[in-house]
Amino acid sequence: MIVVTGATGNVGRALVERLVAAGRPVRALTRDPERAGLPQRAEVVAFAPEASAALFEGASKLFLYVQAGGERTAALLEAARTAGVRHVVLLSSGIIQEGADETHPIHVMHATAERQIRDSGLEWTFLRPNAFAVNALQWAPQIRGGDTVNGVFAGMLTAPIHEDDIAAVAERALLDDGHEGAVHRLTGPEATTNTDQIAAIGRAVGRELTFVEVSPEEAGPKLFPHAPPEFVQPLLKSFAATVGVAPEITGTVEKITGNPARTFDRWAQDHADDFRGV
């Protein structure tokens, strides 16, 4: 049995679907099982961070979404270990690297979880993806309403990764031997700017879209409606640092899964209906 937290998130859902397709028993933890919409063969269970070891009964492996446990992550890990879980695969962040700003709230959140896992007595594998392609969904409301997209830093460079490529690496880390103690840095295959991404989405939906850069001062929270307020300024600072700077690009996805990481164009095609509002 493999327990998956964050099972209705972008990566968690893709991982559940992959494990079910592979014929593996999956216990998908979600706060709202009635609305989860997960594969029927998955065991969908209501989850709260304060839940007991019963959630992990019969399981040997755990996929952990860093925000699932929150401040109770250490207790969650202890409950899992007590129930018999032996290996945890953490969806961490590429922000954790040499020379990083260790005060950045995203760094603090993921570094804390990594430390708690190292201290838990469990075997572990850390996945550290950089930019997620799915973050482009922040532009969907503007695209559904017109052909102009307002955003910050038209020239910021990232190598966004398809969420299913992250799930594919997680699947292999959970099912194959040899990933214990490994840190996998994950990226997409090529650098793109925000302008490039809007053009790719336009091609996917069959419209010509235009990215219009606005200043960070104008942007503020309205362009990051789902980000905690304390994250906004550090995010803007991180984005500014990528303008004109070549991003890290790794071959980890292909090395582990045997398939090359998918391009942003492919991601946009896969998500075209999200931008059309279908």
# chains A, B, ... in the order shown; residues from 1 in each chain; ligands from 1
call {"tool": "residues_around", "arguments": {"residues": "Asn259 in chain A", "least_positions_apart": "5", "cutoff": "9 Å", "atoms": "only C-alpha atoms", "output": "JSON, numbers by chain"}}
result
{"A": [165, 253, 254]}
call {"tool": "write_last_selection", "arguments": {"atoms": "N, CA and C atoms", "output": "compact mmCIF listing (two decimals), in the first residue's frame"}}
result
# COMPACT_ATOMS: atom_id res chain seq x y z
N ASP A 165 5.24 14.90 -15.25
CA ASP A 165 6.63 14.47 -15.23
C ASP A 165 7.13 14.35 -13.79
N VAL A 253 14.41 13.85 -15.35
CA VAL A 253 13.16 13.17 -15.71
C VAL A 253 13.45 12.01 -16.66
N GLU A 254 14.21 12.27 -17.71
CA GLU A 254 14.52 11.21 -18.67
C GLU A 254 15.39 10.13 -18.06
call {"tool": "residues_around", "arguments": {"residues": "Ala53 in chain A", "least_positions_apart": "5", "cutoff": "6 Å", "atoms": "only C-alpha atoms", "output": "list of chain:residue names"}}
result
A:Ala79, A:Ala80, A:Ala83
call {"tool": "select_by_dssp", "arguments": {"residues": "range 87-169 of chain A", "states": "strand (DSSP E)", "output": "PyMOL selection string"}}
result
chain A and resi 87-91+123-129+148-151
call {"tool": "closest_atom_pairs", "arguments": {"of": "range 62-167 of chain A", "to": "range 227-250 of chain A", "cutoff": "7 Å", "atoms": "only C-alpha atoms", "output": "CSV"}}
result
residue,atom,partner,partner_atom,distance
A:His104,CA,A:Pro234,CA,6.4
A:Pro105,CA,A:Phe231,CA,6.6
A:Phe153,CA,A:Ala240,CA,6.7
A:Gly155,CA,A:Val243,CA,5.3
A:Met156,CA,A:Val243,CA,3.9
A:Leu157,CA,A:Thr242,CA,5.5
A:Thr158,CA,A:Pro247,CA,5.4
A:Ala159,CA,A:Pro247,CA,6.3
call {"tool": "write_last_selection", "arguments": {"atoms": "all heavy atoms", "output": "PDB file, in the first residue's frame"}}
result
ATOM      1  N   HIS A 104      13.829  32.908   2.732  1.00  0.00           N
ATOM      2  CA  HIS A 104      12.647  32.920   1.854  1.00  0.00           C
ATOM      3  C   HIS A 104      11.610  31.955   2.431  1.00  0.00           C
ATOM      4  O   HIS A 104      11.938  30.817   2.789  1.00  0.00           O
ATOM      5  CB  HIS A 104      13.056  32.471   0.459  1.00  0.00           C
ATOM      6  CG  HIS A 104      12.044  32.734  -0.600  1.00  0.00           C
ATOM      7  ND1 HIS A 104      10.810  32.095  -0.635  1.00  0.00           N
ATOM      8  CD2 HIS A 104      12.049  33.575  -1.677  1.00  0.00           C
ATOM      9  CE1 HIS A 104      10.126  32.515  -1.678  1.00  0.00           C
ATOM     10  NE2 HIS A 104      10.851  33.414  -2.323  1.00  0.00           N
ATOM     11  N   PRO A 105      10.344  32.370   2.555  1.00  0.00           N
ATOM     12  CA  PRO A 105       9.350  31.506   3.205  1.00  0.00           C
ATOM     13  C   PRO A 105       9.168  30.151   2.528  1.00  0.00           C
ATOM     14  O   PRO A 105       8.891  29.152   3.202  1.00  0.00           O
ATOM     15  CB  PRO A 105       8.064  32.331   3.172  1.00  0.00           C
ATOM     16  CG  PRO A 105       8.309  33.425   2.180  1.00  0.00           C
ATOM     17  CD  PRO A 105       9.777  33.681   2.188  1.00  0.00           C
ATOM     18  N   PHE A 153       7.331  40.895 -15.243  1.00  0.00           N
ATOM     19  CA  PHE A 153       8.587  40.356 -15.760  1.00  0.00           C
ATOM     20  C   PHE A 153       8.398  39.488 -17.010  1.00  0.00           C
ATOM     21  O   PHE A 153       8.544  38.267 -16.973  1.00  0.00           O
ATOM     22  CB  PHE A 153       9.320  39.559 -14.682  1.00  0.00           C
ATOM     23  CG  PHE A 153       9.522  40.316 -13.399  1.00  0.00           C
ATOM     24  CD1 PHE A 153       8.990  39.842 -12.209  1.00  0.00           C
ATOM     25  CD2 PHE A 153      10.214  41.510 -13.390  1.00  0.00           C
ATOM     26  CE1 PHE A 153       9.161  40.543 -11.021  1.00  0.00           C
ATOM     27  CE2 PHE A 153      10.394  42.223 -12.200  1.00  0.00           C
ATOM     28  CZ  PHE A 153       9.873  41.740 -11.017  1.00  0.00           C
ATOM     29  N   GLY A 155      10.327  39.019 -19.342  1.00  0.00           N
ATOM     30  CA  GLY A 155      11.547  38.310 -19.730  1.00  0.00           C
ATOM     31  C   GLY A 155      12.095  37.351 -18.703  1.00  0.00           C
ATOM     32  O   GLY A 155      13.220  36.844 -18.876  1.00  0.00           O
ATOM     33  N   MET A 156      11.358  37.063 -17.628  1.00  0.00           N
ATOM     34  CA  MET A 156      11.885  36.102 -16.658  1.00  0.00           C
ATOM     35  C   MET A 156      12.026  34.738 -17.324  1.00  0.00           C
ATOM     36  O   MET A 156      11.161  34.302 -18.088  1.00  0.00           O
ATOM     37  CB  MET A 156      11.003  36.026 -15.412  1.00  0.00           C
ATOM     38  CG  MET A 156       9.607  35.490 -15.595  1.00  0.00           C
ATOM     39  SD  MET A 156       8.667  35.417 -14.033  1.00  0.00           S
ATOM     40  CE  MET A 156       9.357  33.943 -13.271  1.00  0.00           C
ATOM     41  N   LEU A 157      13.122  34.077 -17.037  1.00  0.00           N
ATOM     42  CA  LEU A 157      13.431  32.798 -17.675  1.00  0.00           C
ATOM     43  C   LEU A 157      13.299  31.658 -16.680  1.00  0.00           C
ATOM     44  O   LEU A 157      13.894  31.677 -15.592  1.00  0.00           O
ATOM     45  CB  LEU A 157      14.857  32.816 -18.235  1.00  0.00           C
ATOM     46  CG  LEU A 157      15.061  33.487 -19.592  1.00  0.00           C
ATOM     47  CD1 LEU A 157      16.541  33.697 -19.853  1.00  0.00           C
ATOM     48  CD2 LEU A 157      14.446  32.638 -20.702  1.00  0.00           C
ATOM     49  N   THR A 158      12.509  30.650 -17.064  1.00  0.00           N
ATOM     50  CA  THR A 158      12.374  29.436 -16.271  1.00  0.00           C
ATOM     51  C   THR A 158      12.367  28.243 -17.218  1.00  0.00           C
ATOM     52  O   THR A 158      12.244  28.404 -18.434  1.00  0.00           O
ATOM     53  CB  THR A 158      11.067  29.436 -15.448  1.00  0.00           C
ATOM     54  OG1 THR A 158       9.944  29.500 -16.351  1.00  0.00           O
ATOM     55  CG2 THR A 158      11.012  30.601 -14.479  1.00  0.00           C
ATOM     56  N   ALA A 159      12.480  27.059 -16.650  1.00  0.00           N
ATOM     57  CA  ALA A 159      12.346  25.823 -17.422  1.00  0.00           C
ATOM     58  C   ALA A 159      11.211  25.021 -16.797  1.00  0.00           C
ATOM     59  O   ALA A 159      11.426  24.052 -16.081  1.00  0.00           O
ATOM     60  CB  ALA A 159      13.649  25.018 -17.396  1.00  0.00           C
TER      61      ALA A 159
END
call {"tool": "atom_distance", "arguments": {"atom1": "CA of Glu43 in chain A", "atom2": "CA of Gly9 in chain A"}}
result
16.1 Å
call {"tool": "closest_residue", "arguments": {"among": "A:Arg72, A:Arg276, A:His87, A:Arg41", "to": "Gly206 in chain A", "atoms": "only C-alpha atoms"}}
result
A:Arg276
call {"tool": "residues_around", "arguments": {"residues": "Ala204 in chain A", "least_positions_apart": "3", "cutoff": "8 Å", "atoms": "only C-alpha atoms", "output": "PyMOL selection string"}}
result
chain A and resi 200-201+207+265+268-269+272
call {"tool": "write_last_selection", "arguments": {"atoms": "N, CA, C and O atoms", "output": "PDB file, in the first residue's frame"}}
result
ATOM      1  N   ALA A 200       2.626  30.247 -26.398  1.00  0.00           N
ATOM      2  CA  ALA A 200       2.358  28.808 -26.481  1.00  0.00           C
ATOM      3  C   ALA A 200       0.913  28.505 -26.112  1.00  0.00           C
ATOM      4  O   ALA A 200       0.249  27.663 -26.750  1.00  0.00           O
ATOM      5  N   ILE A 201       0.404  29.163 -25.099  1.00  0.00           N
ATOM      6  CA  ILE A 201      -0.997  28.960 -24.713  1.00  0.00           C
ATOM      7  C   ILE A 201      -1.908  29.436 -25.839  1.00  0.00           C
ATOM      8  O   ILE A 201      -2.929  28.794 -26.154  1.00  0.00           O
ATOM      9  N   ARG A 207      -5.691  31.111 -30.567  1.00  0.00           N
ATOM     10  CA  ARG A 207      -5.859  32.566 -30.541  1.00  0.00           C
ATOM     11  C   ARG A 207      -4.491  33.223 -30.407  1.00  0.00           C
ATOM     12  O   ARG A 207      -3.558  32.620 -29.884  1.00  0.00           O
ATOM     13  N   ASP A 265       5.083  23.810 -24.490  1.00  0.00           N
ATOM     14  CA  ASP A 265       4.080  23.724 -25.556  1.00  0.00           C
ATOM     15  C   ASP A 265       3.184  22.509 -25.350  1.00  0.00           C
ATOM     16  O   ASP A 265       1.961  22.598 -25.529  1.00  0.00           O
ATOM     17  N   ALA A 268       0.807  23.159 -22.516  1.00  0.00           N
ATOM     18  CA  ALA A 268      -0.280  24.052 -22.926  1.00  0.00           C
ATOM     19  C   ALA A 268      -1.332  23.297 -23.727  1.00  0.00           C
ATOM     20  O   ALA A 268      -2.548  23.522 -23.557  1.00  0.00           O
ATOM     21  N   GLN A 269      -0.905  22.399 -24.590  1.00  0.00           N
ATOM     22  CA  GLN A 269      -1.861  21.587 -25.355  1.00  0.00           C
ATOM     23  C   GLN A 269      -2.679  20.703 -24.420  1.00  0.00           C
ATOM     24  O   GLN A 269      -3.901  20.573 -24.586  1.00  0.00           O
ATOM     25  N   ALA A 272      -5.297  22.993 -22.684  1.00  0.00           N
ATOM     26  CA  ALA A 272      -5.994  23.990 -23.496  1.00  0.00           C
ATOM     27  C   ALA A 272      -7.414  24.250 -23.002  1.00  0.00           C
ATOM     28  O   ALA A 272      -7.873  25.402 -22.954  1.00  0.00           O
TER      29      ALA A 272
END
call {"tool": "residues_around", "arguments": {"residues": "Ala42 in chain A", "least_positions_apart": "6", "cutoff": "7 Å", "atoms": "only C-alpha atoms", "output": "list in words"}}
result
Val20, Pro25, Val26, Arg27 and Ala28 of chain A
call {"tool": "write_last_selection", "arguments": {"atoms": "N, CA, C and O atoms", "output": "PDB file, in the first residue's frame"}}
result
ATOM      1  N   VAL A  20      -2.489   3.669  -9.790  1.00  0.00           N
ATOM      2  CA  VAL A  20      -3.657   2.822 -10.049  1.00  0.00           C
ATOM      3  C   VAL A  20      -3.506   2.114 -11.386  1.00  0.00           C
ATOM      4  O   VAL A  20      -3.777   0.914 -11.510  1.00  0.00           O
ATOM      5  N   PRO A  25      -1.819  -0.825  -5.033  1.00  0.00           N
ATOM      6  CA  PRO A  25      -2.815  -0.342  -4.073  1.00  0.00           C
ATOM      7  C   PRO A  25      -2.443   1.056  -3.585  1.00  0.00           C
ATOM      8  O   PRO A  25      -1.297   1.315  -3.192  1.00  0.00           O
ATOM      9  N   VAL A  26      -3.421   1.956  -3.621  1.00  0.00           N
ATOM     10  CA  VAL A  26      -3.182   3.361  -3.283  1.00  0.00           C
ATOM     11  C   VAL A  26      -4.231   3.821  -2.275  1.00  0.00           C
ATOM     12  O   VAL A  26      -5.429   3.592  -2.462  1.00  0.00           O
ATOM     13  N   ARG A  27      -3.772   4.481  -1.237  1.00  0.00           N
ATOM     14  CA  ARG A  27      -4.684   5.161  -0.307  1.00  0.00           C
ATOM     15  C   ARG A  27      -4.488   6.656  -0.514  1.00  0.00           C
ATOM     16  O   ARG A  27      -3.433   7.208  -0.183  1.00  0.00           O
ATOM     17  N   ALA A  28      -5.489   7.291  -1.075  1.00  0.00           N
ATOM     18  CA  ALA A  28      -5.411   8.704  -1.426  1.00  0.00           C
ATOM     19  C   ALA A  28      -6.041   9.531  -0.311  1.00  0.00           C
ATOM     20  O   ALA A  28      -7.228   9.390  -0.016  1.00  0.00           O
TER      21      ALA A  28
END
call {"tool": "closest_residue", "arguments": {"among": "A:Trp124, A:Trp139, A:Phe63, A:Phe275", "to": "Ile166 in chain A", "atoms": "only C-alpha atoms"}}
result
A:Phe63
call {"tool": "decode", "arguments": {"residues": "range 12-27 of chain A", "atoms": "all heavy atoms", "output": "PDB file, in the first residue's frame"}}
result
ATOM      1  N   GLY A  12      -0.232  15.210  -7.019  1.00  0.00           N
ATOM      2  CA  GLY A  12      -0.811  14.070  -6.308  1.00  0.00           C
ATOM      3  C   GLY A  12      -1.837  13.326  -7.132  1.00  0.00           C
ATOM      4  O   GLY A  12      -1.850  12.091  -7.166  1.00  0.00           O
ATOM      5  N   ARG A  13      -2.702  14.039  -7.832  1.00  0.00           N
ATOM      6  CA  ARG A  13      -3.717  13.394  -8.667  1.00  0.00           C
ATOM      7  C   ARG A  13      -3.052  12.592  -9.786  1.00  0.00           C
ATOM      8  O   ARG A  13      -3.429  11.450 -10.055  1.00  0.00           O
ATOM      9  CB  ARG A  13      -4.666  14.438  -9.258  1.00  0.00           C
ATOM     10  CG  ARG A  13      -5.782  13.852 -10.119  1.00  0.00           C
ATOM     11  CD  ARG A  13      -6.700  14.937 -10.650  1.00  0.00           C
ATOM     12  NE  ARG A  13      -7.405  15.627  -9.584  1.00  0.00           N
ATOM     13  CZ  ARG A  13      -8.516  15.179  -9.009  1.00  0.00           C
ATOM     14  NH1 ARG A  13      -9.043  14.019  -9.401  1.00  0.00           N
ATOM     15  NH2 ARG A  13      -9.104  15.877  -8.056  1.00  0.00           N
ATOM     16  N   ALA A  14      -2.048  13.197 -10.447  1.00  0.00           N
ATOM     17  CA  ALA A  14      -1.351  12.492 -11.517  1.00  0.00           C
ATOM     18  C   ALA A  14      -0.660  11.243 -10.987  1.00  0.00           C
ATOM     19  O   ALA A  14      -0.637  10.197 -11.657  1.00  0.00           O
ATOM     20  CB  ALA A  14      -0.339  13.419 -12.181  1.00  0.00           C
ATOM     21  N   LEU A  15      -0.107  11.324  -9.776  1.00  0.00           N
ATOM     22  CA  LEU A  15       0.565  10.167  -9.185  1.00  0.00           C
ATOM     23  C   LEU A  15      -0.430   9.067  -8.846  1.00  0.00           C
ATOM     24  O   LEU A  15      -0.175   7.882  -9.126  1.00  0.00           O
ATOM     25  CB  LEU A  15       1.321  10.597  -7.928  1.00  0.00           C
ATOM     26  CG  LEU A  15       2.010   9.471  -7.151  1.00  0.00           C
ATOM     27  CD1 LEU A  15       3.024   8.730  -8.017  1.00  0.00           C
ATOM     28  CD2 LEU A  15       2.669  10.028  -5.884  1.00  0.00           C
ATOM     29  N   VAL A  16      -1.573   9.425  -8.257  1.00  0.00           N
ATOM     30  CA  VAL A  16      -2.600   8.423  -7.953  1.00  0.00           C
ATOM     31  C   VAL A  16      -3.027   7.707  -9.227  1.00  0.00           C
ATOM     32  O   VAL A  16      -3.128   6.469  -9.269  1.00  0.00           O
ATOM     33  CB  VAL A  16      -3.808   9.066  -7.252  1.00  0.00           C
ATOM     34  CG1 VAL A  16      -4.979   8.079  -7.174  1.00  0.00           C
ATOM     35  CG2 VAL A  16      -3.426   9.534  -5.849  1.00  0.00           C
ATOM     36  N   GLU A  17      -3.271   8.450 -10.282  1.00  0.00           N
ATOM     37  CA  GLU A  17      -3.693   7.853 -11.547  1.00  0.00           C
ATOM     38  C   GLU A  17      -2.622   6.897 -12.083  1.00  0.00           C
ATOM     39  O   GLU A  17      -2.940   5.812 -12.592  1.00  0.00           O
ATOM     40  CB  GLU A  17      -4.007   8.947 -12.562  1.00  0.00           C
ATOM     41  CG  GLU A  17      -5.266   9.737 -12.204  1.00  0.00           C
ATOM     42  CD  GLU A  17      -5.495  10.945 -13.095  1.00  0.00           C
ATOM     43  OE1 GLU A  17      -4.576  11.282 -13.899  1.00  0.00           O
ATOM     44  OE2 GLU A  17      -6.578  11.561 -12.989  1.00  0.00           O
ATOM     45  N   ARG A  18      -1.360   7.288 -11.959  1.00  0.00           N
ATOM     46  CA  ARG A  18      -0.267   6.434 -12.430  1.00  0.00           C
ATOM     47  C   ARG A  18      -0.173   5.144 -11.615  1.00  0.00           C
ATOM     48  O   ARG A  18      -0.017   4.055 -12.165  1.00  0.00           O
ATOM     49  CB  ARG A  18       1.066   7.189 -12.354  1.00  0.00           C
ATOM     50  CG  ARG A  18       1.274   8.172 -13.489  1.00  0.00           C
ATOM     51  CD  ARG A  18       2.606   8.895 -13.367  1.00  0.00           C
ATOM     52  NE  ARG A  18       2.932   9.552 -14.637  1.00  0.00           N
ATOM     53  CZ  ARG A  18       3.548   8.959 -15.642  1.00  0.00           C
ATOM     54  NH1 ARG A  18       3.945   7.701 -15.520  1.00  0.00           N
ATOM     55  NH2 ARG A  18       3.785   9.609 -16.762  1.00  0.00           N
ATOM     56  N   LEU A  19      -0.256   5.257 -10.304  1.00  0.00           N
ATOM     57  CA  LEU A  19      -0.122   4.078  -9.455  1.00  0.00           C
ATOM     58  C   LEU A  19      -1.302   3.117  -9.651  1.00  0.00           C
ATOM     59  O   LEU A  19      -1.121   1.897  -9.686  1.00  0.00           O
ATOM     60  CB  LEU A  19      -0.018   4.505  -7.992  1.00  0.00           C
ATOM     61  CG  LEU A  19       1.269   5.254  -7.619  1.00  0.00           C
ATOM     62  CD1 LEU A  19       1.169   5.796  -6.195  1.00  0.00           C
ATOM     63  CD2 LEU A  19       2.494   4.354  -7.757  1.00  0.00           C
ATOM     64  N   VAL A  20      -2.489   3.669  -9.790  1.00  0.00           N
ATOM     65  CA  VAL A  20      -3.657   2.822 -10.049  1.00  0.00           C
ATOM     66  C   VAL A  20      -3.506   2.114 -11.386  1.00  0.00           C
ATOM     67  O   VAL A  20      -3.777   0.914 -11.510  1.00  0.00           O
ATOM     68  CB  VAL A  20      -4.947   3.670 -10.007  1.00  0.00           C
ATOM     69  CG1 VAL A  20      -6.123   2.889 -10.594  1.00  0.00           C
ATOM     70  CG2 VAL A  20      -5.259   4.097  -8.576  1.00  0.00           C
ATOM     71  N   ALA A  21      -3.052   2.838 -12.405  1.00  0.00           N
ATOM     72  CA  ALA A  21      -2.855   2.236 -13.726  1.00  0.00           C
ATOM     73  C   ALA A  21      -1.805   1.128 -13.680  1.00  0.00           C
ATOM     74  O   ALA A  21      -1.873   0.170 -14.457  1.00  0.00           O
ATOM     75  CB  ALA A  21      -2.443   3.304 -14.729  1.00  0.00           C
ATOM     76  N   ALA A  22      -0.849   1.258 -12.769  1.00  0.00           N
ATOM     77  CA  ALA A  22       0.195   0.239 -12.621  1.00  0.00           C
ATOM     78  C   ALA A  22      -0.261  -0.932 -11.765  1.00  0.00           C
ATOM     79  O   ALA A  22       0.509  -1.877 -11.535  1.00  0.00           O
ATOM     80  CB  ALA A  22       1.448   0.871 -12.014  1.00  0.00           C
ATOM     81  N   GLY A  23      -1.501  -0.870 -11.274  1.00  0.00           N
ATOM     82  CA  GLY A  23      -2.032  -1.977 -10.482  1.00  0.00           C
ATOM     83  C   GLY A  23      -1.585  -1.975  -9.032  1.00  0.00           C
ATOM     84  O   GLY A  23      -1.679  -2.997  -8.350  1.00  0.00           O
ATOM     85  N   ARG A  24      -1.117  -0.836  -8.542  1.00  0.00           N
ATOM     86  CA  ARG A  24      -0.633  -0.750  -7.164  1.00  0.00           C
ATOM     87  C   ARG A  24      -1.735  -0.270  -6.230  1.00  0.00           C
ATOM     88  O   ARG A  24      -2.515   0.620  -6.584  1.00  0.00           O
ATOM     89  CB  ARG A  24       0.551   0.212  -7.074  1.00  0.00           C
ATOM     90  CG  ARG A  24       1.721  -0.197  -7.967  1.00  0.00           C
ATOM     91  CD  ARG A  24       2.317  -1.523  -7.533  1.00  0.00           C
ATOM     92  NE  ARG A  24       3.420  -1.924  -8.387  1.00  0.00           N
ATOM     93  CZ  ARG A  24       4.597  -2.337  -7.944  1.00  0.00           C
ATOM     94  NH1 ARG A  24       4.811  -2.403  -6.643  1.00  0.00           N
ATOM     95  NH2 ARG A  24       5.534  -2.695  -8.784  1.00  0.00           N
ATOM     96  N   PRO A  25      -1.819  -0.825  -5.033  1.00  0.00           N
ATOM     97  CA  PRO A  25      -2.815  -0.342  -4.073  1.00  0.00           C
ATOM     98  C   PRO A  25      -2.443   1.056  -3.585  1.00  0.00           C
ATOM     99  O   PRO A  25      -1.297   1.315  -3.192  1.00  0.00           O
ATOM    100  CB  PRO A  25      -2.749  -1.371  -2.939  1.00  0.00           C
ATOM    101  CG  PRO A  25      -1.407  -2.015  -3.071  1.00  0.00           C
ATOM    102  CD  PRO A  25      -1.038  -1.972  -4.514  1.00  0.00           C
ATOM    103  N   VAL A  26      -3.421   1.956  -3.621  1.00  0.00           N
ATOM    104  CA  VAL A  26      -3.182   3.361  -3.283  1.00  0.00           C
ATOM    105  C   VAL A  26      -4.231   3.821  -2.275  1.00  0.00           C
ATOM    106  O   VAL A  26      -5.429   3.592  -2.462  1.00  0.00           O
ATOM    107  CB  VAL A  26      -3.267   4.263  -4.538  1.00  0.00           C
ATOM    108  CG1 VAL A  26      -2.985   5.716  -4.153  1.00  0.00           C
ATOM    109  CG2 VAL A  26      -2.301   3.802  -5.610  1.00  0.00           C
ATOM    110  N   ARG A  27      -3.772   4.481  -1.237  1.00  0.00           N
ATOM    111  CA  ARG A  27      -4.684   5.161  -0.307  1.00  0.00           C
ATOM    112  C   ARG A  27      -4.488   6.656  -0.514  1.00  0.00           C
ATOM    113  O   ARG A  27      -3.433   7.208  -0.183  1.00  0.00           O
ATOM    114  CB  ARG A  27      -4.391   4.763   1.138  1.00  0.00           C
ATOM    115  CG  ARG A  27      -5.368   5.372   2.158  1.00  0.00           C
ATOM    116  CD  ARG A  27      -5.138   4.789   3.548  1.00  0.00           C
ATOM    117  NE  ARG A  27      -5.386   3.354   3.536  1.00  0.00           N
ATOM    118  CZ  ARG A  27      -4.664   2.464   4.229  1.00  0.00           C
ATOM    119  NH1 ARG A  27      -3.660   2.854   4.976  1.00  0.00           N
ATOM    120  NH2 ARG A  27      -4.969   1.180   4.168  1.00  0.00           N
TER     121      ARG A  27
END
